[in-house]
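In what follows, a single structure is set out as structure tokens and then discussed.
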Amino acid sequence: MIITDDHMHIYNHLRLKALEEFKKAGGTHVLLVSLLSKHYDVRPETGKEFKRVFDCHINTVEKANKIVRAYAVLAVHPAEITILGGRLGFRRAAEVMMEAIDLAGEYVEEGKAIAIKSGRPHYKVDGKIWQLSNEVMQHAFEIAKDVGCAVQLHTESYTRDGIEEIARMADKAGLKRERVVKHFSPPRVKDFEEVGIFPSVIAMGDNVLKAAKQGARFTVETDYIDDAKRPGAVLGPKTVPRKVKELLKHGFNEDFIHKICVENIERIYGVDVSGF
Ligand SMILES: [Zn+2]
């Protein structure tokens, strides 16, 4: 049985051992998302300097592939606007982020990554930063459309209005709504289905079961951060396999799991999951 975690990080705690644990618990496929530039000791002044971040991440993903099937997602995290903005000014920070997204798009074209991660801050920012963040996210949609990939989004907490607004931005770029994935989603499968954006449900508490009761149009993630300072955050690496297997006890069959862990991943990201 294929079990996919749609959003996990490898950083400085368990590192690849996290994936051994994931595998032991029944996990087979994972999307590994790069972290903020500061996590790689990079202080970029241009978008091109994200090359070090991305190369480091691709290298980790290559090693991860010896344990499970791992795919690279290249992130230009929305919080970069605050981090880079303090040094470079917010307008320049947004430009650097857009250049970095261009670079991420090149990696996708080369087949080194399957998606870009973008979004807008989940914390309160002033109107100007919000506007710039939206421009960056819009740019990510345009690049994704050009190179034919999906975009994972890190955004403010779910609101129906919020995802509708984001869906319209994807439309403007000509990017299919189902190729936009809201990472850390609540189990609102029906709402997301109506709007068209794909929810990557955070596997906390009974979220996975709650999601499943509304249908199979979702993916599942831990957002495991692998930070030695926050060892179990957000959820441990075994969580997705455990929660997905629990669905079997609640009367969902393996076909259902195949939908969320294989068919949805293939449809969103355009990868051949079952072939591995
Ligand atoms: Zn994350």
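Each chain in the structure tokens gets a letter, A, B and so on, in the order shown; residues start at 1 in every chain, and ligands are counted from 1 in the order they appear.
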
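Residues with any atom within 12 Å of Ala173 in chain A, counting only C-alpha atoms and excluding same-chain neighbours fewer than 5 positions away, are Glu135, Met137, Gln138, His139, Ala140, Phe141, Glu142, Ile143, Ala144, Lys145, Asp146, Gly148, Ile166, Ala167, Arg168, Arg179 and Val180 of chain A.
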
For the interface of chain A with ligand 1 (cut-off 8 Å, counting only C-alpha atoms and all ligand atoms), please tabulate each contacting residue of chain A alongside its nearest pair of atoms and their separation in Å to one decimal, rows sorted by chain and increasing number, as a tab-separated table.
```
residue	atom	partner	partner_atom_place_in_ligand_line	distance
A:His7	CA	ligand 1	1 (Zn)	6.3
A:Met8	CA	ligand 1	1 (Zn)	6.2
A:His9	CA	ligand 1	1 (Zn)	6.4
A:Val33	CA	ligand 1	1 (Zn)	6.7
A:Leu35	CA	ligand 1	1 (Zn)	7.4
A:His154	CA	ligand 1	1 (Zn)	7.7
A:His183	CA	ligand 1	1 (Zn)	7.6
A:Phe184	CA	ligand 1	1 (Zn)	8.0
A:Asp223	CA	ligand 1	1 (Zn)	4.6
A:Tyr224	CA	ligand 1	1 (Zn)	7.0
A:Ile225	CA	ligand 1	1 (Zn)	6.4
```

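Backbone DSSP over range 33-77 of chain A yields helix (DSSP H, G or I) at A:Ser37, A:Lys38, A:His39, A:Tyr40, A:Gly47, A:Lys48, A:Glu49, A:Phe50, A:Lys51, A:Arg52, A:Val53, A:Phe54, A:Asp55, A:Cys56, A:His57, A:Ile58, A:Asn59, A:Thr60, A:Val61, A:Glu62, A:Lys63, A:Ala64.
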
Take the selection from the previous step and output its residues with C-alpha atoms, as a CSV table (one decimal), in the first residue's frame.
```csv
chain,number,residue,atom,x,y,z
A,37,SER,CA,17.1,30.6,3.4
A,38,LYS,CA,18.3,31.3,7.0
A,39,HIS,CA,18.1,27.5,7.7
A,40,TYR,CA,20.9,27.0,5.1
A,47,GLY,CA,17.2,35.5,-6.1
A,48,LYS,CA,20.1,33.6,-7.7
A,49,GLU,CA,21.6,33.1,-4.3
A,50,PHE,CA,18.7,30.7,-3.6
A,51,LYS,CA,20.7,28.3,-5.7
A,52,ARG,CA,22.6,27.2,-2.6
A,53,VAL,CA,19.3,26.6,-0.8
A,54,PHE,CA,17.8,24.6,-3.6
A,55,ASP,CA,21.0,22.6,-4.4
A,56,CYS,CA,21.3,21.7,-0.7
A,57,HIS,CA,17.7,20.6,-0.7
A,58,ILE,CA,18.0,18.6,-3.9
A,59,ASN,CA,21.0,16.8,-2.4
A,60,THR,CA,19.0,15.8,0.7
A,61,VAL,CA,16.1,14.6,-1.5
A,62,GLU,CA,18.5,12.4,-3.5
A,63,LYS,CA,19.7,10.8,-0.3
A,64,ALA,CA,16.1,10.5,0.9
```

Closest pair table for range 77-184 of chain A residues within 12 Å of range 195-215 of chain A, only C-alpha atoms, as JSON lines:
```
{"residue": "A:Ala150", "atom": "CA", "partner": "A:Phe198", "partner_atom": "CA", "distance": 10.4}
{"residue": "A:Val151", "atom": "CA", "partner": "A:Phe198", "partner_atom": "CA", "distance": 10.2}
{"residue": "A:Gln152", "atom": "CA", "partner": "A:Ser200", "partner_atom": "CA", "distance": 8.9}
{"residue": "A:Leu153", "atom": "CA", "partner": "A:Ser200", "partner_atom": "CA", "distance": 9.7}
{"residue": "A:His154", "atom": "CA", "partner": "A:Ser200", "partner_atom": "CA", "distance": 10.7}
{"residue": "A:Tyr158", "atom": "CA", "partner": "A:Pro199", "partner_atom": "CA", "distance": 10.2}
{"residue": "A:Thr159", "atom": "CA", "partner": "A:Val195", "partner_atom": "CA", "distance": 11.5}
{"residue": "A:Arg160", "atom": "CA", "partner": "A:Val195", "partner_atom": "CA", "distance": 8.4}
{"residue": "A:Asp161", "atom": "CA", "partner": "A:Val195", "partner_atom": "CA", "distance": 9.9}
{"residue": "A:Gly162", "atom": "CA", "partner": "A:Val195", "partner_atom": "CA", "distance": 10.5}
{"residue": "A:Ile163", "atom": "CA", "partner": "A:Ile197", "partner_atom": "CA", "distance": 7.3}
{"residue": "A:Glu164", "atom": "CA", "partner": "A:Val195", "partner_atom": "CA", "distance": 6.3}
{"residue": "A:Glu165", "atom": "CA", "partner": "A:Val195", "partner_atom": "CA", "distance": 9.8}
{"residue": "A:Ile166", "atom": "CA", "partner": "A:Ile197", "partner_atom": "CA", "distance": 8.4}
{"residue": "A:Ala167", "atom": "CA", "partner": "A:Ile197", "partner_atom": "CA", "distance": 6.5}
{"residue": "A:Arg168", "atom": "CA", "partner": "A:Val195", "partner_atom": "CA", "distance": 9.6}
{"residue": "A:Met169", "atom": "CA", "partner": "A:Ile197", "partner_atom": "CA", "distance": 11.3}
{"residue": "A:Ala170", "atom": "CA", "partner": "A:Ile197", "partner_atom": "CA", "distance": 9.3}
{"residue": "A:Asp171", "atom": "CA", "partner": "A:Gly196", "partner_atom": "CA", "distance": 10.7}
{"residue": "A:Leu175", "atom": "CA", "partner": "A:Ile197", "partner_atom": "CA", "distance": 10.9}
{"residue": "A:Lys176", "atom": "CA", "partner": "A:Gly196", "partner_atom": "CA", "distance": 8.5}
{"residue": "A:Arg177", "atom": "CA", "partner": "A:Ile197", "partner_atom": "CA", "distance": 5.0}
{"residue": "A:Glu178", "atom": "CA", "partner": "A:Ile197", "partner_atom": "CA", "distance": 5.1}
{"residue": "A:Arg179", "atom": "CA", "partner": "A:Phe198", "partner_atom": "CA", "distance": 7.1}
{"residue": "A:Val180", "atom": "CA", "partner": "A:Ile197", "partner_atom": "CA", "distance": 5.5}
{"residue": "A:Val181", "atom": "CA", "partner": "A:Phe198", "partner_atom": "CA", "distance": 4.6}
{"residue": "A:Lys182", "atom": "CA", "partner": "A:Pro199", "partner_atom": "CA", "distance": 5.1}
{"residue": "A:His183", "atom": "CA", "partner": "A:Ser200", "partner_atom": "CA", "distance": 5.0}
{"residue": "A:Phe184", "atom": "CA", "partner": "A:Ile202", "partner_atom": "CA", "distance": 4.9}
```

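Checking A:Glu194, A:Ile10, A:Gly26, A:Met98 one by one against Val244 in chain A, counting only C-alpha atoms, you find the shortest gap at A:Gly26.
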
Taking the chain letters and numbering used in this document, name the residues of range 13-172 of chain A that DSSP puts in strand (DSSP E), as a list in words.
His29, Val30, Leu31, Leu32, Val33, Arg69, Ala70, Tyr71, Ala72, Val73, Leu74, Ala75, Ala115, Ile116, Lys117, Ser118, Gly119, Ala150, Val151, Gln152, Leu153 and His154 of chain A

Selected residues, C-alpha atoms, written as a PDB file, in the first residue's frame, please.
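See out_7.pdb below for the written result:
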```
ATOM      1  CA  HIS A  29       6.252   8.417  -0.622  1.00  0.00           C
ATOM      2  CA  VAL A  30       7.019  11.917   0.609  1.00  0.00           C
ATOM      3  CA  LEU A  31       7.190  15.459  -0.679  1.00  0.00           C
ATOM      4  CA  LEU A  32      10.146  17.172   0.958  1.00  0.00           C
ATOM      5  CA  VAL A  33       9.896  20.937   1.129  1.00  0.00           C
ATOM      6  CA  ARG A  69      10.337   7.665  -2.839  1.00  0.00           C
ATOM      7  CA  ALA A  70      10.951  11.367  -2.216  1.00  0.00           C
ATOM      8  CA  TYR A  71      10.108  14.383  -4.347  1.00  0.00           C
ATOM      9  CA  ALA A  72      11.522  17.897  -4.033  1.00  0.00           C
ATOM     10  CA  VAL A  73       9.366  20.950  -3.504  1.00  0.00           C
ATOM     11  CA  LEU A  74      11.332  24.200  -3.690  1.00  0.00           C
ATOM     12  CA  ALA A  75      10.086  26.872  -1.331  1.00  0.00           C
ATOM     13  CA  ALA A 115       6.515  21.865  -7.304  1.00  0.00           C
ATOM     14  CA  ILE A 116       7.147  25.360  -6.006  1.00  0.00           C
ATOM     15  CA  LYS A 117       6.064  26.546  -2.594  1.00  0.00           C
ATOM     16  CA  SER A 118       4.886  30.109  -2.158  1.00  0.00           C
ATOM     17  CA  GLY A 119       2.079  31.880  -0.327  1.00  0.00           C
ATOM     18  CA  ALA A 150       1.870  22.677  -8.948  1.00  0.00           C
ATOM     19  CA  VAL A 151       2.210  25.283  -6.198  1.00  0.00           C
ATOM     20  CA  GLN A 152       2.042  24.453  -2.516  1.00  0.00           C
ATOM     21  CA  LEU A 153       0.867  27.417  -0.484  1.00  0.00           C
ATOM     22  CA  HIS A 154       1.690  28.521   3.010  1.00  0.00           C
TER      23      HIS A 154
END
```

Excluding range 259-263 of chain A and residues on its chain fewer than 4 positions from it, collect all residues at most 9 Å away from it, counting only C-alpha atoms, and give them as number ranges by chain.
A: 2-6, 29, 216-220, 254-255, 267-268, 272-274

Closest to Glu266 in chain A among A:Lys23, A:Lys128, A:Cys149, A:Glu99, using only C-alpha atoms?
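Once distances to Glu266 in chain A are computed over only C-alpha atoms, the minimum belongs to A:Cys149.
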
When distances are computed from only C-alpha atoms, which of A:Glu221, A:Leu247, A:Leu36, A:Asp191 shows the smallest separation from Leu235 in chain A?
A:Glu221

What's the 9 Å shell around Leu132 in chain A, counting only C-alpha atoms, without same-chain residues fewer than 3 positions away, as number ranges by chain?
A: 81, 90-91, 94, 127-129, 135-137
